[in-house]
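Text of the file input.txt, holding compact mmCIF, C-alpha atoms:
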# COMPACT_ATOMS: atom_id res chain seq x y z
CA MET A 104 176.74 63.17 112.65
CA HIS A 105 176.00 60.99 115.65
CA ALA A 106 175.13 57.41 114.67
CA ASP A 107 171.61 57.66 116.10
CA GLU A 108 170.68 60.95 114.33
CA SER A 109 170.16 59.72 110.76
CA HIS A 110 166.39 59.67 111.27
CA LEU A 111 166.31 63.32 112.33
CA PRO A 112 165.64 66.25 109.95
CA PRO A 113 168.78 68.26 109.10
CA THR A 114 167.97 71.15 111.44
CA GLU A 115 167.82 68.76 114.40
CA GLN A 116 171.11 66.99 113.74
CA SER A 117 174.39 67.78 115.52
CA GLY A 118 176.69 70.14 113.64
CA PRO A 119 180.45 70.10 113.08
CA HIS A 120 181.22 72.32 116.08
CA GLN A 121 181.11 70.50 119.41
CA GLY A 122 182.33 71.35 122.91
CA LEU A 123 181.12 74.92 122.50
CA GLU A 124 181.34 75.58 126.24
CA TYR A 125 185.11 75.09 126.09
CA LYS A 126 185.73 77.55 123.26
CA SER A 127 186.90 81.14 123.67
CA ILE A 128 184.81 84.10 122.56
CA SER A 129 187.05 84.49 119.50
CA GLU A 130 186.67 80.83 118.58
CA LEU A 131 182.89 80.97 119.01
CA VAL A 132 182.47 84.13 116.95
CA CYS A 133 184.67 82.90 114.10
CA ALA A 134 183.15 79.41 114.03
CA MET A 135 179.57 80.67 114.14
CA HIS A 136 180.21 83.29 111.47
CA GLY A 137 181.76 80.67 109.23
CA GLN A 138 178.79 78.37 109.58
CA THR A 139 176.40 81.18 108.65
CA GLN A 140 177.50 80.81 105.03
CA ALA A 141 175.34 77.69 104.90
CA ALA A 142 172.22 79.88 105.07
CA PHE A 143 173.23 81.92 102.02
CA ASP A 144 174.20 78.81 100.07
CA ALA A 145 170.88 77.17 100.94
CA VAL A 146 168.87 80.13 99.69
CA GLY A 147 170.95 80.19 96.51
CA GLY A 148 169.90 76.61 95.89
CA SER A 149 166.21 77.48 96.24
CA LEU A 150 166.03 80.46 93.88
CA ASP A 151 164.19 78.64 91.08
CA SER A 152 161.32 77.72 93.38
CA VAL A 153 161.27 81.24 94.84
CA GLU A 154 161.02 82.73 91.34
CA HIS A 155 158.18 80.42 90.31
CA PHE A 156 156.22 81.29 93.42
CA ILE A 157 156.69 85.04 93.02
CA GLU A 158 155.45 84.86 89.42
CA ALA A 159 152.22 83.27 90.64
CA LEU A 160 151.96 85.67 93.59
CA VAL A 161 152.39 88.84 91.53
CA ALA A 162 149.74 87.78 89.04
CA ARG A 163 147.23 87.53 91.89
CA MET A 164 148.32 90.71 93.66
CA LYS A 165 147.96 92.70 90.42
CA ASN A 166 144.31 91.65 90.50
CA GLY A 167 143.84 92.81 94.09
CA GLY A 168 144.94 89.71 95.98
CA ARG A 169 146.57 89.91 99.39
CA LEU A 170 149.57 88.09 100.85
CA PHE A 171 149.32 86.34 104.21
CA TYR A 172 152.19 84.85 106.21
CA ILE A 173 151.59 82.33 109.00
CA GLY A 174 154.09 80.79 111.39
CA ALA A 175 154.95 79.97 114.98
CA GLY A 176 157.86 81.14 117.11
CA THR A 177 160.78 82.57 115.15
CA SER A 178 159.11 81.72 111.84
CA GLY A 179 155.97 83.61 112.83
CA ARG A 180 157.94 86.61 114.07
CA LEU A 181 159.85 86.84 110.80
CA GLY A 182 156.62 86.77 108.81
CA VAL A 183 155.05 89.51 110.95
CA LEU A 184 158.25 91.56 110.61
CA ASP A 185 158.24 91.34 106.81
CA ALA A 186 154.55 92.19 106.60
CA SER A 187 154.85 95.14 108.98
CA GLU A 188 157.67 96.67 106.93
CA CYS A 189 155.67 96.79 103.69
CA PRO A 190 153.40 99.79 104.46
CA PRO A 191 156.18 102.21 105.51
CA THR A 192 158.61 101.01 102.85
CA PHE A 193 156.28 100.68 99.87
CA GLY A 194 153.27 102.78 100.85
CA VAL A 195 150.82 99.89 100.60
CA ASN A 196 147.71 99.46 102.68
CA PRO A 197 148.45 97.47 105.88
CA THR A 198 145.92 94.86 104.78
CA GLN A 199 147.80 94.01 101.57
CA VAL A 200 150.53 92.02 103.32
CA GLN A 201 149.61 90.50 106.70
CA GLY A 202 151.57 88.38 109.16
CA TRP A 203 149.99 86.01 111.67
CA ILE A 204 151.77 84.22 114.52
CA ALA A 205 150.53 81.30 116.59
CA GLY A 206 149.44 82.63 119.97
CA GLY A 207 148.60 86.11 118.68
CA ASP A 208 150.55 89.36 118.89
CA GLY A 209 151.60 88.61 122.47
CA ALA A 210 153.73 85.78 121.10
CA LEU A 211 155.93 88.34 119.37
CA ARG A 212 157.50 89.13 122.74
CA VAL A 213 156.78 86.13 124.94
CA ALA A 214 156.86 82.59 123.54
CA VAL A 215 153.48 80.82 123.47
CA GLU A 216 154.85 77.39 122.69
CA GLY A 217 151.66 75.32 122.83
CA ALA A 218 149.84 77.49 120.29
CA GLU A 219 151.72 75.97 117.38
CA ASP A 220 150.16 72.56 118.03
CA ASN A 221 146.64 73.65 117.05
CA PRO A 222 146.06 72.70 113.37
CA ASN A 223 142.93 74.87 113.22
CA GLY A 224 144.54 77.93 114.78
CA ALA A 225 145.89 79.62 111.66
CA TRP A 226 142.66 79.47 109.67
CA ASP A 227 140.72 80.65 112.75
CA ASP A 228 143.14 83.59 113.02
CA LEU A 229 142.78 84.42 109.33
CA SER A 230 139.00 84.13 109.18
CA PRO A 231 138.25 87.74 110.23
CA ALA A 232 140.28 88.89 107.20
CA LEU A 233 137.82 87.02 104.95
CA PRO A 234 140.46 85.33 102.76
CA ASP A 235 139.36 84.60 99.21
CA LYS A 236 140.60 82.95 96.03
CA LEU A 237 142.69 85.94 94.94
CA ASP A 238 144.74 85.76 98.14
CA THR A 239 147.98 83.90 98.83
CA LEU A 240 149.09 82.13 102.00
CA VAL A 241 152.74 81.44 102.79
CA GLY A 242 153.31 78.99 105.65
CA ILE A 243 156.67 79.45 107.37
CA ALA A 244 158.04 76.50 109.33
CA ALA A 245 161.76 75.83 109.59
CA SER A 246 161.03 72.34 110.93
CA GLY A 247 158.44 71.62 108.26
CA ARG A 248 156.13 69.97 110.75
CA THR A 249 154.32 72.75 112.68
CA PRO A 250 150.61 71.81 112.97
CA TYR A 251 149.53 75.49 113.02
CA VAL A 252 151.17 76.01 109.63
CA ILE A 253 150.24 72.67 108.07
CA GLY A 254 146.59 73.06 109.07
CA GLY A 255 146.50 76.62 107.77
CA LEU A 256 147.96 75.60 104.41
CA LYS A 257 145.50 72.74 104.00
CA ALA A 258 142.51 74.94 104.82
CA ALA A 259 143.71 77.72 102.53
CA ARG A 260 144.28 75.32 99.66
CA GLU A 261 140.77 73.89 100.09
CA ALA A 262 139.41 77.45 99.99
CA GLY A 263 141.17 78.14 96.68
CA LEU A 264 143.99 80.37 97.87
CA LEU A 265 147.45 80.12 96.32
CA THR A 266 149.65 78.36 98.87
CA ALA A 267 153.39 78.23 99.46
CA CYS A 268 155.78 77.33 102.23
CA ILE A 269 159.23 78.30 103.43
CA THR A 270 161.07 75.54 105.25
CA CYS A 271 164.57 74.27 105.90
CA ASN A 272 163.79 70.56 105.99
CA PRO A 273 163.07 68.69 102.74
CA ASP A 274 160.40 66.01 102.40
CA SER A 275 158.40 67.53 105.24
CA ALA A 276 154.68 67.88 105.85
CA VAL A 277 154.53 71.57 104.89
CA VAL A 278 156.08 70.73 101.52
CA GLU A 279 153.25 68.28 100.89
CA ALA A 280 150.61 70.77 102.06
CA ALA A 281 151.68 73.68 99.81
CA GLU A 282 151.54 74.15 96.05
CA HIS A 283 154.86 76.00 96.00
CA ALA A 284 157.64 74.79 98.29
CA MET A 285 160.65 77.02 98.92
CA VAL A 286 163.13 74.75 100.68
CA ALA A 287 166.47 76.10 101.89
CA VAL A 288 168.36 73.16 103.36
CA THR A 289 170.54 74.93 105.91
CA GLY A 290 171.62 71.75 107.70
CA PRO A 291 172.59 71.45 111.37
CA GLU A 292 172.56 74.57 113.50
CA PHE A 293 175.57 75.93 115.41
CA VAL A 294 173.56 75.28 118.58
CA THR A 295 171.77 72.03 117.80
CA GLY A 296 168.11 72.58 116.98
CA SER A 297 168.21 76.38 117.44
CA THR A 298 166.49 77.29 114.18
CA ARG A 299 166.49 80.99 115.00
CA LEU A 300 170.08 80.85 113.67
CA ASN A 301 170.81 79.63 110.10
CA ALA A 302 167.23 78.59 109.43
CA GLY A 303 166.03 81.99 110.61
CA THR A 304 168.61 83.76 108.45
CA ALA A 305 167.59 81.77 105.37
CA THR A 306 163.92 82.43 106.07
CA LYS A 307 164.53 86.18 106.35
CA LEU A 308 166.45 86.17 103.07
CA ILE A 309 163.60 84.43 101.25
CA LEU A 310 161.02 86.78 102.75
CA ASN A 311 163.12 89.72 101.54
CA LEU A 312 163.10 88.23 98.06
CA ILE A 313 159.35 87.66 98.06
CA SER A 314 158.10 91.01 99.34
CA THR A 315 160.69 93.23 97.68
CA THR A 316 160.42 91.59 94.26
CA ALA A 317 156.63 91.61 94.43
CA MET A 318 156.49 95.28 95.40
CA ILE A 319 158.88 96.24 92.59
CA GLN A 320 156.70 94.31 90.13
CA LEU A 321 153.65 96.12 91.50
CA GLY A 322 155.24 99.49 90.71
CA HIS A 323 156.28 100.73 94.14
CA VAL A 324 159.95 101.29 93.21
CA VAL A 325 161.34 103.64 90.56
CA GLY A 326 165.00 103.19 89.67
CA SER A 327 166.06 101.82 93.03
CA ARG A 328 164.05 104.34 95.05
CA MET A 329 161.10 103.49 97.31
CA VAL A 330 159.03 106.39 95.98
CA ASP A 331 155.86 105.33 97.79
CA MET A 332 157.41 105.22 101.26
CA LYS A 333 155.74 107.25 103.98
CA PRO A 334 157.89 110.22 105.16
CA SER A 335 156.86 109.63 108.76
CA ASN A 336 160.03 110.75 110.57
CA THR A 337 163.00 113.05 110.06
CA LYS A 338 165.21 110.38 108.50
CA LEU A 339 162.54 109.40 105.98
CA GLU A 340 161.72 113.03 105.19
CA GLU A 341 165.39 113.63 104.39
CA ARG A 342 165.44 110.53 102.20
CA GLY A 343 162.29 111.73 100.44
CA ILE A 344 163.84 115.13 99.76
CA ARG A 345 166.88 113.48 98.20
CA MET A 346 164.67 111.29 96.01
CA ILE A 347 162.73 114.33 94.81
CA GLN A 348 165.96 116.19 94.06
CA ASP A 349 167.44 113.25 92.18
CA ALA A 350 164.31 112.82 90.08
CA THR A 351 163.63 116.49 89.29
CA GLY A 352 166.87 118.43 89.74
CA VAL A 353 165.29 121.02 92.05
CA SER A 354 167.02 122.46 95.11
CA SER A 355 166.75 120.81 98.49
CA LYS A 356 164.66 123.76 99.66
CA ALA A 357 162.17 123.36 96.81
CA ALA A 358 162.03 119.61 97.33
CA ALA A 359 161.42 120.03 101.07
CA GLU A 360 158.67 122.57 100.50
CA SER A 361 156.93 120.31 98.00
CA LEU A 362 157.14 117.30 100.33
CA ARG A 363 155.79 119.42 103.20
CA LEU A 364 152.71 120.14 101.11
CA THR A 365 152.12 116.74 99.51
CA ARG A 366 153.49 114.36 102.18
CA ASP A 367 153.98 112.05 99.18
CA VAL A 368 157.31 111.57 97.37
CA ARG A 369 155.79 110.28 94.14
CA ALA A 370 153.25 113.13 94.03
CA SER A 371 155.98 115.71 94.58
CA ILE A 372 158.08 114.27 91.78
CA GLU A 373 155.16 114.25 89.37
CA GLN A 374 154.13 117.81 90.28
CA LEU A 375 157.63 119.25 89.99
CA LYS A 376 158.28 117.47 86.71
CA GLY A 377 155.01 118.88 85.40
CA GLN A 378 156.19 122.38 86.27
CA GLY A 379 159.53 121.90 84.49
Kindly present the structure from the file in structure tokens form.
Amino acid sequence: MHADESHLPPTEQSGPHQGLEYKSISELVCAMHGQTQAAFDAVGGSLDSVEHFIEALVARMKNGGRLFYIGAGTSGRLGVLDASECPPTFGVNPTQVQGWIAGGDGALRVAVEGAEDNPNGAWDDLSPALPDKLDTLVGIAASGRTPYVIGGLKAAREAGLLTACITCNPDSAVVEAAEHAMVAVTGPEFVTGSTRLNAGTATKLILNLISTTAMIQLGHVVGSRMVDMKPSNTKLEERGIRMIQDATGVSSKAAAESLRLTRDVRASIEQLKGQG
């Protein structure tokens, strides 16, 4: 660490690999891959807090509560990604898990850097969804200091929502603003300050844990199969046919015909089992 960096949060400090411009492609790939292990280790150290949050989240979602993610930049994009995957994977209504990014949907493709500085922006964005006390808000901020996220968490907490944060810097403002803090201390980035790297990887891992565990607890997985997925393309239809076969023992032809009629893997399984 440089002598003048002790006051900086871990994600802003210089890492062990310097002089990157002088390294070969092989050296860069190997060094960067090696440093990625820090993201997995950091998430491993945060599992207790992740578990405690999911317990509280599932209790609310079983009573009809929704899950909202808010974030800016990479953090916002990762939240929107996780939310958008829930309907096709688990068959849930698109309103059940929602992702919001500072600057709106356009910021998914083109950075809208100034939008993250508005502390009222997240709650303004969420207002049309009419958030209530059964809902949960997860603020995602690798830096732990994004005004868009901090303001959203504070407003949500005042309104009675369950609040949580995902961050990679301890003792940060988002930790203070949320009831449940999931902190994965990933340390310095391979490219100093580029939190789309290890911080982004750790964030994605935690989001996977949250949404997948919650959806399993809500009954959208049987065995290890996503039986409520939507068979919306050829690949997913083929997967659905295999799931029906595995669950019922019918031929691929019979499974395909049933899925063609129901367009619902779970319904096909239940119907075919009832005929057995």
Region 235-346 of chain A near region 154-167 of chain A within 7 Å: what's each residue's closest atom pair and its distance in Å to one decimal, counting only C-alpha atoms, ordered by chain then ascending residue number, as CSV?
residue,atom,partner,partner_atom,distance
A:Leu237,CA,A:Arg163,CA,5.7
A:Asp238,CA,A:Arg163,CA,7.0
A:Thr239,CA,A:Leu160,CA,6.8
A:His283,CA,A:Phe156,CA,6.0
A:Ile313,CA,A:Ile157,CA,6.3
A:Ala317,CA,A:Val161,CA,5.8
A:Leu321,CA,A:Lys165,CA,6.7
**Request:** Using all atoms listed in the file, collect all residues at a distance of at most 8 Å from (163.4, 119.0, 97.4) as written in the file, then present them as a ChimeraX atom specification.
**Result:** /A:343-348,353-362
**Prompt:** Need the neighbours of (167.4, 67.7, 104.9): which residues are at most 6 Å away, counting only C-alpha atoms, as a ChimeraX atom specification?
**Reply:** /A:112-113,272-273,288
**Message:** What's around Thr306 (chain A) at 12 Å? Count all atoms listed in the file, leave out sequence neighbours fewer than 5 positions away in its own chain, and write the answer as a VMD selection string.
**Reply:** chain A and resid 142 to 143 145 to 146 149 153 172 174 177 to 182 184 to 185 241 to 246 268 to 272 285 to 289 298 to 301 311 to 313
Kindly save the residues from that selection, with C-alpha atoms included, as a PDB file, in the frame of the given file.
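Contents of selection-v9.pdb, freshly written:
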ATOM      1  CA  ALA A 142     172.220  79.880 105.070  1.00  0.00           C
ATOM      2  CA  PHE A 143     173.230  81.920 102.020  1.00  0.00           C
ATOM      3  CA  ALA A 145     170.880  77.170 100.940  1.00  0.00           C
ATOM      4  CA  VAL A 146     168.870  80.130  99.690  1.00  0.00           C
ATOM      5  CA  SER A 149     166.210  77.480  96.240  1.00  0.00           C
ATOM      6  CA  VAL A 153     161.270  81.240  94.840  1.00  0.00           C
ATOM      7  CA  TYR A 172     152.190  84.850 106.210  1.00  0.00           C
ATOM      8  CA  GLY A 174     154.090  80.790 111.390  1.00  0.00           C
ATOM      9  CA  THR A 177     160.780  82.570 115.150  1.00  0.00           C
ATOM     10  CA  SER A 178     159.110  81.720 111.840  1.00  0.00           C
ATOM     11  CA  GLY A 179     155.970  83.610 112.830  1.00  0.00           C
ATOM     12  CA  ARG A 180     157.940  86.610 114.070  1.00  0.00           C
ATOM     13  CA  LEU A 181     159.850  86.840 110.800  1.00  0.00           C
ATOM     14  CA  GLY A 182     156.620  86.770 108.810  1.00  0.00           C
ATOM     15  CA  LEU A 184     158.250  91.560 110.610  1.00  0.00           C
ATOM     16  CA  ASP A 185     158.240  91.340 106.810  1.00  0.00           C
ATOM     17  CA  VAL A 241     152.740  81.440 102.790  1.00  0.00           C
ATOM     18  CA  GLY A 242     153.310  78.990 105.650  1.00  0.00           C
ATOM     19  CA  ILE A 243     156.670  79.450 107.370  1.00  0.00           C
ATOM     20  CA  ALA A 244     158.040  76.500 109.330  1.00  0.00           C
ATOM     21  CA  ALA A 245     161.760  75.830 109.590  1.00  0.00           C
ATOM     22  CA  SER A 246     161.030  72.340 110.930  1.00  0.00           C
ATOM     23  CA  CYS A 268     155.780  77.330 102.230  1.00  0.00           C
ATOM     24  CA  ILE A 269     159.230  78.300 103.430  1.00  0.00           C
ATOM     25  CA  THR A 270     161.070  75.540 105.250  1.00  0.00           C
ATOM     26  CA  CYS A 271     164.570  74.270 105.900  1.00  0.00           C
ATOM     27  CA  ASN A 272     163.790  70.560 105.990  1.00  0.00           C
ATOM     28  CA  MET A 285     160.650  77.020  98.920  1.00  0.00           C
ATOM     29  CA  VAL A 286     163.130  74.750 100.680  1.00  0.00           C
ATOM     30  CA  ALA A 287     166.470  76.100 101.890  1.00  0.00           C
ATOM     31  CA  VAL A 288     168.360  73.160 103.360  1.00  0.00           C
ATOM     32  CA  THR A 289     170.540  74.930 105.910  1.00  0.00           C
ATOM     33  CA  THR A 298     166.490  77.290 114.180  1.00  0.00           C
ATOM     34  CA  ARG A 299     166.490  80.990 115.000  1.00  0.00           C
ATOM     35  CA  LEU A 300     170.080  80.850 113.670  1.00  0.00           C
ATOM     36  CA  ASN A 301     170.810  79.630 110.100  1.00  0.00           C
ATOM     37  CA  ASN A 311     163.120  89.720 101.540  1.00  0.00           C
ATOM     38  CA  LEU A 312     163.100  88.230  98.060  1.00  0.00           C
ATOM     39  CA  ILE A 313     159.350  87.660  98.060  1.00  0.00           C
TER      40      ILE A 313
END
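Nearest residue to Gly206 (chain A) among A:Glu341, A:Asp274, A:Asp220, A:Glu292 is A:Asp220, counting all atoms listed in the file.
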**Request:** Quick one: pull the distance between CA of Glu219 (chain A) and CA of Pro231 (chain A), Å, one decimal.
**Result:** 19.3 Å
**Item:** Å distance separating CA of Leu310 (chain A) from CA of Ala370 (chain A), one decimal place
**Value:** 28.8 Å
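Nearest residue to Cys189 (chain A) among A:Arg342, A:His323, A:Arg328, A:Arg363 is A:His323, counting all atoms listed in the file.
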Do you have, as JSON lines, the list of residues of region 257-296 of chain A lying at most 12 Å from region 122-126 of chain A, each with its nearest atom pair and that distance in Å to one decimal, counting only C-alpha atoms and ordered by chain then number?
{"residue": "A:Phe293", "atom": "CA", "partner": "A:Leu123", "partner_atom": "CA", "distance": 9.1}
{"residue": "A:Val294", "atom": "CA", "partner": "A:Leu123", "partner_atom": "CA", "distance": 8.5}
{"residue": "A:Thr295", "atom": "CA", "partner": "A:Leu123", "partner_atom": "CA", "distance": 10.9}
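Here CA of Asp227 (chain A) and CA of Leu264 (chain A) stand 15.2 Å from one another.
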**Asked** Near Gly263 (chain A), counting all atoms listed in the file, which residues have an atom at most 8 Å away, once you skip same-chain residues fewer than 4 positions from it, shown as a PyMOL selection string?
**Response** chain A and resi 235-236+259
Could you give me the axis-aligned bounding box of region 192-201 of chain A, with 8 Å of padding per side, as centre plus edge lengths in Å to one decimal, as lines of an AutoDock Vina configuration file?
center_x = 152.3
center_y = 96.6
center_z = 103.3
size_x = 28.7
size_y = 28.3
size_z = 22.8
